Protein chains: 4
Amino acid sequence: MSLSVEKTSSGREYKVKDLSQADFGRLEIELAEVEMPGLMACRAEFGPSKPFAGARISGSLHMTIQTAVLIETLTTLGAEVRWCSCNIFSTQDHAAAAIARDSAAVFAWKGETLEEYWWCTERCLDWGEGGGPDLIVDDGGDATLLIHEGVKAEEEYEKTGKVPDPESTDNAEFKIVLTIIRDGLKSDPKKYRKMKERLVGVSEETTTGVKRLYQMQETGTLLFPAINVNDSVTKSKFDNLYGCRHSLPDGLMRATDVMIAGKVAVVCGYGDVGKGCAAALKQAGARVIVTEIDPICALQALMEGLQVLTLEDVVSEADIFVTTTGNKDIIMVDHMRKMKNNAIVCNIGHFDNEIDMLGLETYPGVKRITIKPQTDRWVFPEIKTGIIVLAEGRLMNLGCATGHPSFVMSCSFTNQVNMSTNTHLILHALADASAVGIISLSLVNDTGHCSA
Amino acid sequence: MSLSVEKTSSGREYKVKDLSQADFGRLEIELAEVEMPGLMACRAEFGPSKPFAGARISGSLHMTIQTAVLIETLTTLGAEVRWCSCNIFSTQDHAAAAIARDSAAVFAWKGETLEEYWWCTERCLDWGEGGGPDLIVDDGGDATLLIHEGVKAEEEYEKTGKVPDPESTDNAEFKIVLTIIRDGLKSDPKKYRKMKERLVGVSEETTTGVKRLYQMQETGTLLFPAINVNDSVTKSKFDNLYGCRHSLPDGLMRATDVMIAGKVAVVCGYGDVGKGCAAALKQAGARVIVTEIDPICALQALMEGLQVLTLEDVVSEADIFVTTTGNKDIIMVDHMRKMKNNAIVCNIGHFDNEIDMLGLETYPGVKRITIKPQTDRWVFPEIKTGIIVLAEGRLMNLGCATGHPSFVMSCSFTNQVNMSTNTHLILHALADASAVGIISLSLVNDTGHCSA
Amino acid sequence: MSLSVEKTSSGREYKVKDLSQADFGRLEIELAEVEMPGLMACRAEFGPSKPFAGARISGSLHMTIQTAVLIETLTTLGAEVRWCSCNIFSTQDHAAAAIARDSAAVFAWKGETLEEYWWCTERCLDWGEGGGPDLIVDDGGDATLLIHEGVKAEEEYEKTGKVPDPESTDNAEFKIVLTIIRDGLKSDPKKYRKMKERLVGVSEETTTGVKRLYQMQETGTLLFPAINVNDSVTKSKFDNLYGCRHSLPDGLMRATDVMIAGKVAVVCGYGDVGKGCAAALKQAGARVIVTEIDPICALQALMEGLQVLTLEDVVSEADIFVTTTGNKDIIMVDHMRKMKNNAIVCNIGHFDNEIDMLGLETYPGVKRITIKPQTDRWVFPEIKTGIIVLAEGRLMNLGCATGHPSFVMSCSFTNQVNMSTNTHLILHALADASAVGIISLSLVNDTGHCSA
Amino acid sequence: MSLSVEKTSSGREYKVKDLSQADFGRLEIELAEVEMPGLMACRAEFGPSKPFAGARISGSLHMTIQTAVLIETLTTLGAEVRWCSCNIFSTQDHAAAAIARDSAAVFAWKGETLEEYWWCTERCLDWGEGGGPDLIVDDGGDATLLIHEGVKAEEEYEKTGKVPDPESTDNAEFKIVLTIIRDGLKSDPKKYRKMKERLVGVSEETTTGVKRLYQMQETGTLLFPAINVNDSVTKSKFDNLYGCRHSLPDGLMRATDVMIAGKVAVVCGYGDVGKGCAAALKQAGARVIVTEIDPICALQALMEGLQVLTLEDVVSEADIFVTTTGNKDIIMVDHMRKMKNNAIVCNIGHFDNEIDMLGLETYPGVKRITIKPQTDRWVFPEIKTGIIVLAEGRLMNLGCATGHPSFVMSCSFTNQVNMSTNTHLILHALADASAVGIISLSLVNDTGHCSA
């Protein structure tokens, strides 16, 4: 798509696939509202007092129907909102269209290139002359990353006149980040520092993003307060577990129509996400094998009757492979070469580095046959058999299906809204005190739920 | 669509939605072949000897990817094939395109009107001058019905000169059947009798179709031999049970994206189909309530921890309703009016008479809002709330998803192929002896599997 | 125990472990009555008309609390009853005491020797001068066997003067049967023929017993009509399945207190009994592996996510082994020698020939350590490790626990009572017509329940 | 039993039911060792260095076979040990006998009176002239309580000359505690203070005991350091969850032989224990209803398809009631009066105050019929129906069965041993610094397992 911002008749900026899908999106948003009692209760309770009046919120979070209900809850509470997706495949175009037309500035479509993805992220953070947002709702930490990298580059530039060099990294995606920052430096060398200045803080949704925040806190590089939404019981023990239990088989079915019963399925990782995935596959009649390095999680898998092995043990006999670890380099191209014909390989962890897509794409003579979008068969030349990779190794539930269902996202997003409203109290107080740190949501509203 | 037959460059007749989808269909057919070992073994074992050489087979059975593999197995065994779907929503257009282009005469598309449906059925049975097929592969018995009604009308016409009167019935669909027969009578008053003459027999796939056959046998009106494929263990205890366990949640998810966990789901009927549906919903985290009039099936439900109630007991508190009974008038409009807002109502039994669609459509002031094809919200005027009906009350797994997965259909279809090959032996023998009856597949190849 | 018949104050014969346990037995019988609605409904419906008035019923069926309720249902319907157990370990002594004191002649105790067992069986069939019973309620066919062998011997003796020679067989148990018949011949050479004369027929409870009957029917040696109770849906699909699902883990826990979760369990055979056992072990958190030679049952196991292997594949890695096949020589001593230390080996099939106890007992240098009754550790000399065998290879649920629970036995026994009452109609009619055959209960009262 | 201490030939003190059961106990201990790899690894790793050399350990913890393996692990590590049970019904007499004969001073038998129970507790803590133990292993906190109450009384007595008055409390059990302390005061008015002096600290096993400790810490009355073993992942998420999933059905079956399938079961509380119980009952085929006041736990129940209601909603329709809350007054006599005939009422929470036994026992005209030890039927006079109460309202898994299985107790007890060995380091350090507090085991060895 051409990367130019469009405007609605009322002057709101947007960039979506097809604004004419807004009616369809609106119908599904209305269905979702019935399934999202937490968010609707927030509207009822906090809507009248408009706690977000005057606040700018930028969100980098899968632009789905459920997120649409979140966005309109934030606007009902008085906020102005700009949004982008946090994954190139996770946008539902009709949801984006409805929000763009009716409620907030949206920059998101299903099937973005990486360049488009970061352009959207930058658009989402850029509120024009007045700088950036007051609050960020982040999922995976890409918006937070962009500001941190931007500030770093601006300070370096100010000191040394050096601009970021995209060629300094091998990581294809980080090249793009550096390019965007470099290009921005010329027009406004204080852009990200102004953002940081205004920003009250960020609330972060995912295990992965939270890990990044703690790393920055430890190294003293965290620039603004953050709230750990992920570790709230009603997020990690609901969204990760029950959400994936629902959306993993949904993604498998929509992508491949394959019968799960009777299959051997390998779930890499047995944290909350892995537990949800393993439960879904077992219940559907698969024989589930878990790979896990944490001894306690491994023991939990055994207590549920699941076999715990290494990937090497089972790579050539399993039919379905799912990565859920939050770590990188889990399934490498050498594993994939040993798999059965038409073995299905997919990832439901946040980032797309669990499956060695680079190794696969660059394997000599490999042939990619796109069955349909987000469902590719890769054939190895020497063995004439192939594997099926979903969503190019990215989040398969959002790439191949529609992500988690509304009800469980209501649990997650209600934390976001509550935290964001609390943010004006808690984070302002922190900011006043010049404190920069991470507040665990579990300390705020989960008291007493240790048994959950 | 305009009801005119088209022809491929090789002269084969067809009528499908879009022949350009043939490549996509071929890719998915190739995936399905890997998942259908039974059919592929039939090709390997029987392909060389071509037992169907010279035989014409007409099939009336959901024109899906899986059926495509069945059709090409039949052609590999030497048959000429014509095909139509047995449900207006169950065709996968890319499957139909691939078969039309490559293998057999197909008359089927997703979203037929009832007129189009019966036109397709007639096209499927009509082999031109030489009359009809040697064998019918039937699913639900519509092809069988058309021939029986046709023969009846021709005999009446010959005797009395009376042609069928579509106005003699209130049933909208049967009006169309009578119209087709009436119109055919003028051009060829012996058409269906010639078909019957040539026909060796029919193999019937479904519980519902088999019931129809036994009724005809009892009343002495069955015109040709039939094989009961349905009661084969590898059909009714696999396809009905495991197939629905897979495809019910698939249909629910694709149609509504609704979270099944935490919902109250009512499964009407606890036969094999109901057992599969109840298992799927329970495993996904729903609380399942069963309605059942057979005391043994009801007791089985209790042994699995399911509550058994009447529909009236729970109509206003449940979230999801699924009919699986094979009987008619299960969920009436008066039930639907009492349901919760956005309760989901759907049917996975063969025929579309389990849910009172006529009552719903003609309810005064009712408003139909199509969320997307096969997903409609119906709003009752007096209460302002509505329900969601899937696939207009027809088979929701085929209407809203892609039906049963390949592996389980391989079990079902392998019965069909084996029986059809046996047909040349068994049924010809029966026909020679002027016998007309129903052979239970279970008598033929399931000996000894009483424990299954 | 000394094998002398005792008499109650009212003159009823019995031989039980301890009559003073009758009060305890009565309390548990009263609890069981609440859990056995089928039998209690029979008492209410048929009790007043006393359809068994004047009839003698001999039963060879596990003398448990549940059977006590069956016996007292038969007496409530007017019958006179004599009873023995059909397994040396399956008697509950307090149940036997209560029945002996209050209701019927009982010859049964937990832990009979084989000699005692067959003495009890003979006592049960012997009604004194008037010959034998009118009806037999058989479980496994031992009572039926004794009469058939007795008649055969008497006829041989009458013709040739030859008496049975116990040394003519290697089977330790059959030696005892021949001895009993030989010894009886001297005092009454027409005893078994008189029994056969009077006998209206037998109703048989188990898969194993039914197989024996069909074999005799095929070879033309069946001496009296029989009713196949086993194949009733409410027996084989309830008692076998749900009964074992309950009583297998019960037996394992009482015998060994072992944690089932996390274990690898092998279930040999996946018929109704195997399905119940596998379900119980899977649900308790074991990883279950099935061995099965029937391809359809094996495919069903796969559809439930169970691995299907041969015993050889897993013999050295599994923790728990259960035989459910109804065949013999399933787990041999050579398997047992390869098992892990303290692997548990048990049988829940009717007969004790699934586990090679003879091979184990005669293994050179093997050491038997009785942990407690029915729980033995067998240590192999060369490897110093051992296995745990339950109930000496006999029915572990009855040997180590209390068998199936009351509710499911009510389903089974209600068939027995209904059939026995029908027997007076059906079997007398058959007998009048000199017909000898097997009536399948499923033909009588299960019409229409094909979907169950 | 007469409360006099006995001595083994080697001079070790004990009081058990029957020392002649020691051989049987030893056999089962040897079986358990194979199932307790954690404890056996502790022996292998720490045994040679004898970290407990010279240390006295008093334990108040269910005197079962599993605990026997714990005790002998402690002695293998060099400790001298005295032991009592922490529940009047939970001792396995053969385990107590084996330990008394071979390893440690034991004062415990199944079916103690409350007087006997506290006498045993006092014996366990009393090491003779040298005062008390160095370490206490506590389960529920009764040993800790006795010392705290003793010290309080001694200080009061020293100040005011006042001795404790058993009549000052209505609580029958606390009367006994006060009596013991009062009687001890006369002979040694510094006994408990000397104990406190020597004591390094206590490690506490249960949720309930830990709550007591935190309360004392908050009120500043905690006299010595404590270690919270309960909140270790490998205790509360294993023992509570998987242990109860195993031992709840075990207790139900041994006590009542009732079929769980088809029943309606109410689980009061959905913490870790409740989750385990609900899972077990659901898997066995019951329909499970949960009562829960914590909204997050309630939502978790819903996500598993369980109905959440109040006890009042279901009291008259359910068949089985289990309390797991850790709170008191859950099932009151007024609830019990409304239950179905033969409804089963039992508790698996630590203390016996969840079920209103006092209200039941004192209900006018109520009749208690003991079916067998720990299984009582209570009949209400006005309705002539009754309920079945297990283990007199105490821990039913230990009262009616043998408690948790060895494997899961190995997980729990390995924490105890590791902590106790650490105690010499950690607690001595604390004590040196005059610190008195509670150390959470989770802080010590569960780092990084937040996903478990």
# chains A, B, ... in the order shown; residues from 1 in each chain; ligands from 1
$ residues_around --residues "Arg287 (chain B)" --least-positions-apart "6" --cutoff "12 Å" --atoms "only C-alpha atoms" --output "JSON, numbers by chain"
{"B": [260, 261, 262, 263, 264, 265, 266, 267, 278, 279, 280, 281, 304, 305, 306, 307, 308, 317, 318, 319, 320, 321], "D": [282, 287, 288, 289, 301, 302, 303, 304, 305, 306, 307, 308]}
$ interface_residues --of "chain A" --to "chain B" --cutoff "8 Å" --atoms "only C-alpha atoms" --output "ChimeraX atom specification"
/A:24,27-28,31,34-35,242,245-246,250,253-254,257-261,280,283-284,342,371-372,402,405-408
$ write_last_selection --atoms "N, CA, C and O atoms" --output "short mmCIF file (atom, residue, chain, number, x, y, z; two decimals), in the first residue's frame"
data_model
loop_
_atom_site.label_atom_id
_atom_site.label_comp_id
_atom_site.auth_asym_id
_atom_site.auth_seq_id
_atom_site.Cartn_x
_atom_site.Cartn_y
_atom_site.Cartn_z
N PHE A 24 -19.56 -3.86 8.39
CA PHE A 24 -19.34 -5.24 8.83
C PHE A 24 -18.60 -5.25 10.17
O PHE A 24 -18.97 -5.94 11.12
N LEU A 27 -20.94 -4.35 13.02
CA LEU A 27 -21.82 -5.46 13.44
C LEU A 27 -21.07 -6.42 14.37
O LEU A 27 -21.61 -6.86 15.39
N GLU A 28 -19.84 -6.74 14.02
CA GLU A 28 -19.09 -7.67 14.86
C GLU A 28 -18.66 -7.02 16.18
O GLU A 28 -18.56 -7.69 17.21
N LEU A 31 -21.55 -7.43 18.42
CA LEU A 31 -21.59 -8.79 19.00
C LEU A 31 -20.58 -8.91 20.12
O LEU A 31 -20.85 -9.48 21.19
N VAL A 34 -21.32 -7.66 23.72
CA VAL A 34 -22.12 -8.54 24.59
C VAL A 34 -21.23 -9.55 25.29
O VAL A 34 -21.51 -10.00 26.40
N GLU A 35 -20.12 -9.89 24.66
CA GLU A 35 -19.20 -10.89 25.21
C GLU A 35 -18.11 -10.27 26.07
O GLU A 35 -17.20 -10.97 26.50
N TYR A 242 -6.58 -19.76 28.82
CA TYR A 242 -7.87 -20.08 28.19
C TYR A 242 -7.95 -19.50 26.78
O TYR A 242 -8.61 -20.06 25.91
N ARG A 245 -6.08 -21.90 24.61
CA ARG A 245 -6.83 -23.14 24.53
C ARG A 245 -7.92 -23.04 23.46
O ARG A 245 -8.26 -24.01 22.80
N HIS A 246 -8.44 -21.84 23.30
CA HIS A 246 -9.47 -21.62 22.29
C HIS A 246 -8.86 -21.37 20.91
O HIS A 246 -9.28 -21.96 19.91
N ASP A 250 -8.46 -23.26 16.76
CA ASP A 250 -9.15 -22.43 15.78
C ASP A 250 -8.20 -22.09 14.62
O ASP A 250 -8.56 -22.25 13.44
N MET A 253 -7.44 -25.22 12.51
CA MET A 253 -8.55 -25.64 11.66
C MET A 253 -8.72 -24.70 10.48
O MET A 253 -8.89 -25.15 9.34
N ARG A 254 -8.70 -23.40 10.74
CA ARG A 254 -8.92 -22.48 9.64
C ARG A 254 -7.78 -22.55 8.62
O ARG A 254 -7.99 -22.41 7.41
N ASP A 257 -7.57 -27.20 8.03
CA ASP A 257 -8.70 -28.15 8.08
C ASP A 257 -8.27 -29.54 8.55
O ASP A 257 -8.97 -30.52 8.32
N VAL A 258 -7.15 -29.64 9.22
CA VAL A 258 -6.63 -30.96 9.55
C VAL A 258 -7.34 -31.54 10.78
O VAL A 258 -7.73 -30.81 11.68
N MET A 259 -7.53 -32.84 10.78
CA MET A 259 -8.11 -33.49 11.94
C MET A 259 -7.05 -33.55 13.04
O MET A 259 -5.95 -34.06 12.82
N ILE A 260 -7.39 -33.07 14.21
CA ILE A 260 -6.43 -33.06 15.31
C ILE A 260 -6.43 -34.42 16.02
O ILE A 260 -5.38 -34.90 16.45
N ALA A 261 -7.60 -35.04 16.10
CA ALA A 261 -7.69 -36.35 16.75
C ALA A 261 -6.77 -37.34 16.04
O ALA A 261 -6.70 -37.39 14.82
N ALA A 280 -5.83 -28.00 24.85
CA ALA A 280 -6.70 -27.98 23.66
C ALA A 280 -6.42 -29.17 22.75
O ALA A 280 -7.33 -29.83 22.26
N GLN A 283 -7.51 -32.50 24.39
CA GLN A 283 -8.97 -32.64 24.39
C GLN A 283 -9.52 -32.93 23.00
O GLN A 283 -10.54 -33.58 22.86
N ALA A 284 -8.83 -32.43 22.00
CA ALA A 284 -9.29 -32.70 20.63
C ALA A 284 -8.89 -34.09 20.16
O ALA A 284 -9.22 -34.49 19.06
N ASN A 342 4.20 -32.95 5.27
CA ASN A 342 3.04 -32.15 5.68
C ASN A 342 2.89 -31.99 7.18
O ASN A 342 1.79 -31.67 7.67
N ILE A 371 -0.47 -22.20 -0.12
CA ILE A 371 -1.79 -22.81 -0.29
C ILE A 371 -2.84 -21.72 -0.27
O ILE A 371 -3.71 -21.65 -1.12
N LYS A 372 -2.74 -20.89 0.75
CA LYS A 372 -3.57 -19.68 0.84
C LYS A 372 -2.83 -18.74 1.76
O LYS A 372 -1.84 -19.15 2.38
N THR A 402 -8.83 -15.49 14.28
CA THR A 402 -9.14 -14.12 14.70
C THR A 402 -8.64 -13.82 16.11
O THR A 402 -9.12 -12.90 16.76
N PRO A 405 -10.86 -15.09 21.81
CA PRO A 405 -12.25 -14.64 21.75
C PRO A 405 -12.51 -13.47 22.70
O PRO A 405 -11.73 -13.19 23.61
N SER A 406 -13.64 -12.83 22.47
CA SER A 406 -13.95 -11.59 23.16
C SER A 406 -13.94 -11.72 24.67
O SER A 406 -13.41 -10.88 25.39
N PHE A 407 -14.53 -12.79 25.18
CA PHE A 407 -14.72 -12.87 26.63
C PHE A 407 -13.39 -12.83 27.37
O PHE A 407 -13.23 -12.10 28.36
N VAL A 408 -12.43 -13.59 26.90
CA VAL A 408 -11.17 -13.62 27.62
C VAL A 408 -10.39 -12.34 27.42
O VAL A 408 -9.66 -11.88 28.31
#
$ residues_around --residues "region 11-13 of chain B" --least-positions-apart "5" --cutoff "9 Å" --atoms "only C-alpha atoms" --output "ChimeraX atom specification"
/B:5-6,82,100-101,103-107
$ residues_around --residues "Glu112 (chain B)" --least-positions-apart "6" --cutoff "12 Å" --atoms "only C-alpha atoms" --output "PyMOL selection string"
chain B and resi 1-3+15-17+84-93+118-121+399
$ write_last_selection --atoms "N, CA and C atoms" --output "PDB file, in the first residue's frame"
ATOM      1  N   MET B   1     -27.306 -17.587 -10.103  1.00  0.00           N
ATOM      2  CA  MET B   1     -26.525 -17.901 -11.305  1.00  0.00           C
ATOM      3  C   MET B   1     -27.471 -18.335 -12.425  1.00  0.00           C
ATOM      4  N   SER B   2     -27.068 -18.046 -13.641  1.00  0.00           N
ATOM      5  CA  SER B   2     -27.890 -18.505 -14.768  1.00  0.00           C
ATOM      6  C   SER B   2     -27.701 -20.015 -14.892  1.00  0.00           C
ATOM      7  N   LEU B   3     -28.816 -20.721 -15.034  1.00  0.00           N
ATOM      8  CA  LEU B   3     -28.733 -22.178 -14.976  1.00  0.00           C
ATOM      9  C   LEU B   3     -28.455 -22.774 -16.360  1.00  0.00           C
ATOM     10  N   LYS B  15     -21.050 -26.874 -13.857  1.00  0.00           N
ATOM     11  CA  LYS B  15     -21.567 -25.568 -13.468  1.00  0.00           C
ATOM     12  C   LYS B  15     -21.029 -25.312 -12.059  1.00  0.00           C
ATOM     13  N   VAL B  16     -20.050 -24.433 -11.968  1.00  0.00           N
ATOM     14  CA  VAL B  16     -19.460 -24.125 -10.654  1.00  0.00           C
ATOM     15  C   VAL B  16     -19.367 -22.613 -10.511  1.00  0.00           C
ATOM     16  N   LYS B  17     -18.934 -22.165  -9.347  1.00  0.00           N
ATOM     17  CA  LYS B  17     -18.883 -20.716  -9.095  1.00  0.00           C
ATOM     18  C   LYS B  17     -17.777 -20.068  -9.915  1.00  0.00           C
ATOM     19  N   CYS B  84     -23.196 -33.680  -7.691  1.00  0.00           N
ATOM     20  CA  CYS B  84     -23.818 -32.462  -7.180  1.00  0.00           C
ATOM     21  C   CYS B  84     -23.674 -32.479  -5.654  1.00  0.00           C
ATOM     22  N   SER B  85     -23.930 -31.377  -5.028  1.00  0.00           N
ATOM     23  CA  SER B  85     -23.867 -31.341  -3.574  1.00  0.00           C
ATOM     24  C   SER B  85     -25.218 -31.755  -3.011  1.00  0.00           C
ATOM     25  N   CYS B  86     -25.269 -32.131  -1.737  1.00  0.00           N
ATOM     26  CA  CYS B  86     -26.547 -32.507  -1.135  1.00  0.00           C
ATOM     27  C   CYS B  86     -26.982 -31.473  -0.116  1.00  0.00           C
ATOM     28  N   ASN B  87     -26.403 -30.271  -0.219  1.00  0.00           N
ATOM     29  CA  ASN B  87     -26.777 -29.201   0.704  1.00  0.00           C
ATOM     30  C   ASN B  87     -26.412 -27.889   0.023  1.00  0.00           C
ATOM     31  N   ILE B  88     -27.271 -26.901   0.136  1.00  0.00           N
ATOM     32  CA  ILE B  88     -27.061 -25.660  -0.627  1.00  0.00           C
ATOM     33  C   ILE B  88     -25.839 -24.867  -0.166  1.00  0.00           C
ATOM     34  N   PHE B  89     -25.389 -25.121   1.070  1.00  0.00           N
ATOM     35  CA  PHE B  89     -24.253 -24.350   1.587  1.00  0.00           C
ATOM     36  C   PHE B  89     -22.960 -25.154   1.671  1.00  0.00           C
ATOM     37  N   SER B  90     -22.988 -26.440   1.344  1.00  0.00           N
ATOM     38  CA  SER B  90     -21.857 -27.282   1.721  1.00  0.00           C
ATOM     39  C   SER B  90     -20.746 -27.371   0.676  1.00  0.00           C
ATOM     40  N   THR B  91     -20.954 -26.821  -0.498  1.00  0.00           N
ATOM     41  CA  THR B  91     -19.908 -26.892  -1.519  1.00  0.00           C
ATOM     42  C   THR B  91     -18.722 -25.994  -1.158  1.00  0.00           C
ATOM     43  N   GLN B  92     -17.524 -26.503  -1.369  1.00  0.00           N
ATOM     44  CA  GLN B  92     -16.344 -25.639  -1.346  1.00  0.00           C
ATOM     45  C   GLN B  92     -16.011 -25.332  -2.801  1.00  0.00           C
ATOM     46  N   ASP B  93     -16.110 -24.074  -3.167  1.00  0.00           N
ATOM     47  CA  ASP B  93     -16.062 -23.725  -4.589  1.00  0.00           C
ATOM     48  C   ASP B  93     -14.732 -24.074  -5.248  1.00  0.00           C
ATOM     49  N   TRP B 118     -31.950 -28.252  -6.915  1.00  0.00           N
ATOM     50  CA  TRP B 118     -32.589 -29.394  -7.575  1.00  0.00           C
ATOM     51  C   TRP B 118     -32.251 -29.456  -9.064  1.00  0.00           C
ATOM     52  N   TRP B 119     -31.977 -28.300  -9.638  1.00  0.00           N
ATOM     53  CA  TRP B 119     -31.485 -28.310 -11.028  1.00  0.00           C
ATOM     54  C   TRP B 119     -30.151 -29.085 -11.082  1.00  0.00           C
ATOM     55  N   CYS B 120     -29.281 -28.798 -10.071  1.00  0.00           N
ATOM     56  CA  CYS B 120     -27.994 -29.500 -10.020  1.00  0.00           C
ATOM     57  C   CYS B 120     -28.192 -31.005  -9.842  1.00  0.00           C
ATOM     58  N   THR B 121     -29.120 -31.369  -8.975  1.00  0.00           N
ATOM     59  CA  THR B 121     -29.371 -32.790  -8.734  1.00  0.00           C
ATOM     60  C   THR B 121     -29.824 -33.482 -10.022  1.00  0.00           C
ATOM     61  N   GLY B 399     -21.880 -25.415   6.449  1.00  0.00           N
ATOM     62  CA  GLY B 399     -22.262 -24.071   6.051  1.00  0.00           C
ATOM     63  C   GLY B 399     -21.290 -23.017   6.543  1.00  0.00           C
TER      64      GLY B 399
END
$ residues_around --residues "region 178-183 of chain D" --least-positions-apart "3" --cutoff "6 Å" --atoms "only C-alpha atoms" --output "list in words"
Gly150, Val163, Pro164, Pro166, Lys175 and Lys186 of chain D
$ write_last_selection --atoms "N, CA and C atoms" --output "short mmCIF file (atom, residue, chain, number, x, y, z; two decimals), in the first residue's frame"
data_model
loop_
_atom_site.label_atom_id
_atom_site.label_comp_id
_atom_site.auth_asym_id
_atom_site.auth_seq_id
_atom_site.Cartn_x
_atom_site.Cartn_y
_atom_site.Cartn_z
N GLY D 150 1.82 -22.63 75.95
CA GLY D 150 2.58 -22.99 77.14
C GLY D 150 3.39 -21.81 77.65
N VAL D 163 -3.07 -20.13 87.05
CA VAL D 163 -2.91 -21.22 86.09
C VAL D 163 -4.05 -21.18 85.07
N PRO D 164 -3.84 -21.77 83.90
CA PRO D 164 -4.90 -21.77 82.87
C PRO D 164 -6.15 -22.48 83.38
N PRO D 166 -9.32 -24.47 82.13
CA PRO D 166 -10.00 -25.12 81.00
C PRO D 166 -11.45 -24.68 80.86
N LYS D 175 -9.96 -26.77 75.63
CA LYS D 175 -10.02 -27.18 77.05
C LYS D 175 -8.89 -28.17 77.36
N LYS D 186 2.71 -27.40 87.12
CA LYS D 186 3.03 -27.76 88.49
C LYS D 186 4.41 -28.42 88.57
#
$ residues_around --residues "region 125-130 of chain A" --least-positions-apart "4" --cutoff "12 Å" --atoms "only C-alpha atoms" --output "VMD selection string"
chain A and resid 12 to 13 55 to 60 80 to 84 105 to 107 118 to 121 134 to 138 142 to 147 150 184 188 190 to 192 194 to 199
$ atom_distance --atom1 "CA of Ile344 (chain A)" --atom2 "CA of Cys268 (chain A)"
13.5 Å
$ decode --residues "region 180-192 of chain B" --atoms "C-alpha atoms" --output "JSON list (two decimals), in the first residue's frame"
[["chain", "number", "residue", "atom", "x", "y", "z"],
["B", 180, "ILE", "CA", -38.84, -30.29, -12.12],
["B", 181, "ILE", "CA", -40.53, -33.61, -12.66],
["B", 182, "ARG", "CA", -43.54, -31.99, -14.26],
["B", 183, "ASP", "CA", -41.39, -30.03, -16.65],
["B", 184, "GLY", "CA", -39.35, -33.13, -17.48],
["B", 185, "LEU", "CA", -42.41, -35.20, -18.21],
["B", 186, "LYS", "CA", -43.19, -33.19, -21.28],
["B", 187, "SER", "CA", -39.87, -33.80, -22.98],
["B", 188, "ASP", "CA", -39.34, -37.41, -21.92],
["B", 189, "PRO", "CA", -42.13, -39.31, -20.12],
["B", 190, "LYS", "CA", -39.87, -42.33, -19.56],
["B", 191, "LYS", "CA", -36.80, -40.54, -18.28],
["B", 192, "TYR", "CA", -36.84, -41.73, -14.67]]
